[in-house]
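Shown next, in structure tokens, is the structure this report addresses.
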Amino acid sequence: MRKIVATELNKIDDYTISSNVSTTEQSNHITYYLNEIGIYRNRTDYSLTISIFGNSIEDIEDKSDMIKKLFDFNQINSDTVGTTFYFENKNNIDDAKERLYGRLLRFQVIAYERSLK
């Protein structure tokens, strides 16, 4: 699952991508957290949280719109898993004093195990 998410996020130019880590970098970075929230027969549900940080509100809004378009209602498949992403919400996490702006996007992800025939 992480490989699928990272592959999609790497389509965003000029941004550093990190997984499940915190960072003190204050310009142009994206961090994502993928949490397993339910396991069923041949299906796993995840919560995907993507944080986008930068020094320009316009750039952050553009990147958050790009990410929403990449994932929302999108089916992304690999050889072993078929996934569907559903956008849940978007929050602002700005720090005007530090001139650091951010957006937090949340998605629900349903992943089905694909049979290898």
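We name chains A, B, ... following the order of the structure tokens; residues begin at 1 in each chain, and ligands are numbered from 1 as shown.
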
Review point. What's the 10 Å shell around Tyr112 (chain A), counting only C-alpha atoms, without same-chain residues fewer than 5 positions away, as a PyMOL selection string?
Key: chain A and resi 40-45+77+80-84

Write the residues you've just listed into a file as a short mmCIF file (atom, residue, chain, number, x, y, z; two decimals), in the first residue's frame, and include all heavy atoms for each of them.
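Output contents, as saved in part-v9.cif:
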data_model
loop_
_atom_site.label_atom_id
_atom_site.label_comp_id
_atom_site.auth_asym_id
_atom_site.auth_seq_id
_atom_site.Cartn_x
_atom_site.Cartn_y
_atom_site.Cartn_z
N TYR A 40 -10.45 -7.49 7.03
CA TYR A 40 -11.54 -8.41 6.75
C TYR A 40 -11.02 -9.46 5.76
O TYR A 40 -9.90 -9.36 5.28
CB TYR A 40 -12.73 -7.65 6.13
CG TYR A 40 -13.11 -6.44 6.92
CD1 TYR A 40 -12.62 -5.18 6.58
CD2 TYR A 40 -13.93 -6.54 8.04
CE1 TYR A 40 -12.95 -4.06 7.32
CE2 TYR A 40 -14.26 -5.42 8.79
CZ TYR A 40 -13.78 -4.18 8.42
OH TYR A 40 -14.09 -3.08 9.16
N ARG A 41 -11.83 -10.42 5.45
CA ARG A 41 -11.41 -11.45 4.50
C ARG A 41 -11.15 -10.80 3.13
O ARG A 41 -12.04 -10.21 2.55
CB ARG A 41 -12.49 -12.52 4.39
CG ARG A 41 -12.14 -13.62 3.44
CD ARG A 41 -13.28 -14.63 3.37
NE ARG A 41 -13.11 -15.49 2.24
CZ ARG A 41 -12.46 -16.64 2.26
NH1 ARG A 41 -11.92 -17.04 3.39
NH2 ARG A 41 -12.35 -17.36 1.18
N ASN A 42 -9.93 -10.89 2.65
CA ASN A 42 -9.49 -10.36 1.35
C ASN A 42 -9.62 -8.84 1.23
O ASN A 42 -9.58 -8.31 0.14
CB ASN A 42 -10.25 -11.02 0.20
CG ASN A 42 -9.96 -12.49 0.11
OD1 ASN A 42 -8.91 -12.95 0.53
ND2 ASN A 42 -10.91 -13.24 -0.41
N ARG A 43 -9.81 -8.12 2.34
CA ARG A 43 -9.98 -6.67 2.27
C ARG A 43 -9.37 -6.03 3.52
O ARG A 43 -9.52 -6.53 4.62
CB ARG A 43 -11.47 -6.33 2.21
CG ARG A 43 -11.73 -4.85 2.25
CD ARG A 43 -13.22 -4.59 2.23
NE ARG A 43 -13.50 -3.50 3.15
CZ ARG A 43 -14.70 -3.17 3.56
NH1 ARG A 43 -15.74 -3.87 3.19
NH2 ARG A 43 -14.86 -2.17 4.37
N THR A 44 -8.71 -4.89 3.31
CA THR A 44 -8.17 -4.11 4.42
C THR A 44 -8.56 -2.65 4.21
O THR A 44 -8.47 -2.13 3.10
CB THR A 44 -6.63 -4.22 4.49
OG1 THR A 44 -6.27 -5.60 4.55
CG2 THR A 44 -6.08 -3.51 5.71
N ASP A 45 -9.03 -2.01 5.29
CA ASP A 45 -9.38 -0.59 5.23
C ASP A 45 -8.27 0.22 5.88
O ASP A 45 -7.71 -0.18 6.90
CB ASP A 45 -10.69 -0.32 5.98
CG ASP A 45 -11.89 -0.95 5.29
OD1 ASP A 45 -11.74 -1.45 4.15
OD2 ASP A 45 -12.98 -0.95 5.89
N ASN A 77 -4.44 0.02 -8.99
CA ASN A 77 -4.21 -1.40 -8.82
C ASN A 77 -2.74 -1.76 -9.03
O ASN A 77 -2.04 -1.12 -9.79
CB ASN A 77 -5.07 -2.19 -9.81
CG ASN A 77 -6.54 -1.93 -9.60
OD1 ASN A 77 -7.02 -1.94 -8.48
ND2 ASN A 77 -7.26 -1.68 -10.67
N THR A 80 -0.91 -7.28 -6.74
CA THR A 80 -1.41 -8.00 -5.57
C THR A 80 -2.57 -7.31 -4.85
O THR A 80 -3.23 -7.92 -4.02
CB THR A 80 -0.28 -8.20 -4.54
OG1 THR A 80 0.25 -6.93 -4.18
CG2 THR A 80 0.82 -9.08 -5.12
N VAL A 81 -2.82 -6.03 -5.15
CA VAL A 81 -3.87 -5.31 -4.43
C VAL A 81 -4.60 -4.36 -5.37
O VAL A 81 -4.01 -3.77 -6.27
CB VAL A 81 -3.29 -4.56 -3.20
CG1 VAL A 81 -2.38 -3.43 -3.62
CG2 VAL A 81 -4.37 -4.06 -2.29
N GLY A 82 -5.91 -4.25 -5.14
CA GLY A 82 -6.74 -3.28 -5.84
C GLY A 82 -7.27 -2.29 -4.82
O GLY A 82 -7.82 -2.70 -3.80
N THR A 83 -7.07 -1.01 -5.04
CA THR A 83 -7.45 -0.02 -4.03
C THR A 83 -8.41 1.01 -4.61
O THR A 83 -8.38 1.32 -5.80
CB THR A 83 -6.21 0.75 -3.52
OG1 THR A 83 -5.61 1.43 -4.60
CG2 THR A 83 -5.21 -0.17 -2.88
N THR A 84 -9.26 1.54 -3.73
CA THR A 84 -10.11 2.68 -4.07
C THR A 84 -9.95 3.70 -2.95
O THR A 84 -10.00 3.35 -1.77
CB THR A 84 -11.58 2.26 -4.21
OG1 THR A 84 -11.68 1.21 -5.16
CG2 THR A 84 -12.43 3.44 -4.68
#

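Residue neighbourhood of Tyr46 (chain A), excluding near-sequence residues (fewer than 2 positions): Leu34, Asn35, Glu36, Ile37, Gly38, Thr44, Leu48, Phe107, Gln108, Val109, Ile110 and Ala111 of chain A, at 9 Å, using only C-alpha atoms.
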
Revision key, fill the gap. Counting only C-alpha atoms, the residue among A:Arg114, A:Lys90, A:Arg2, A:Lys97 that lies closest to Lys68 (chain A) is A:Lys90

Check your understanding: In terms of the shortest atom-to-atom distance over only C-alpha atoms, which of A:Asn10, A:Thr31, A:Asn74, A:Asn92 is closest to Ile60 (chain A)?
Key -> A:Asn92

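CA of Met1 (chain A) lies 24.3 Å from CA of Gly102 (chain A).
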
Exercise for review: Please return as a VMD selection string: the residues of region 34-79 of chain A that backbone DSSP assigns to helix (DSSP H, G or I).
Suggested key: chain A and resid 57 to 71

Review point. Could you pull out all residues of chain A with a DSSP call of strand (DSSP E or B) and give them as JSON, numbers by chain?
Key: {"A": [16, 17, 18, 19, 29, 30, 31, 32, 33, 34, 35, 36, 37, 38, 39, 40, 43, 44, 45, 46, 47, 48, 49, 50, 51, 52, 53, 54, 75, 76, 77, 81, 82, 83, 84, 85, 86, 87, 88, 89, 90, 91, 92, 95, 100, 101, 102, 103, 104, 105, 106, 107, 108, 109, 110, 111, 112, 113]}

Exercise for review: Go through A:Glu98, A:Asp72, A:Glu88, A:Asp13 one by one, measure the shortest atom-to-atom distance of each to Asp59 (chain A) using only C-alpha atoms, and give the residue with the smallest value.
Suggested key: A:Asp13

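Closest to Glu61 (chain A) among A:Thr49, A:Phe73, A:Leu104, A:Ile39 is A:Leu104, based on only C-alpha atoms.
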
Point to revise | Ser64 (chain A) environment, 12 Å, only C-alpha atoms, sequence neighbours closer than 2 positions dropped, as a ChimeraX atom specification | key: /A:9,12,28-30,49-54,57-62,66-72,87,89-92,101-106
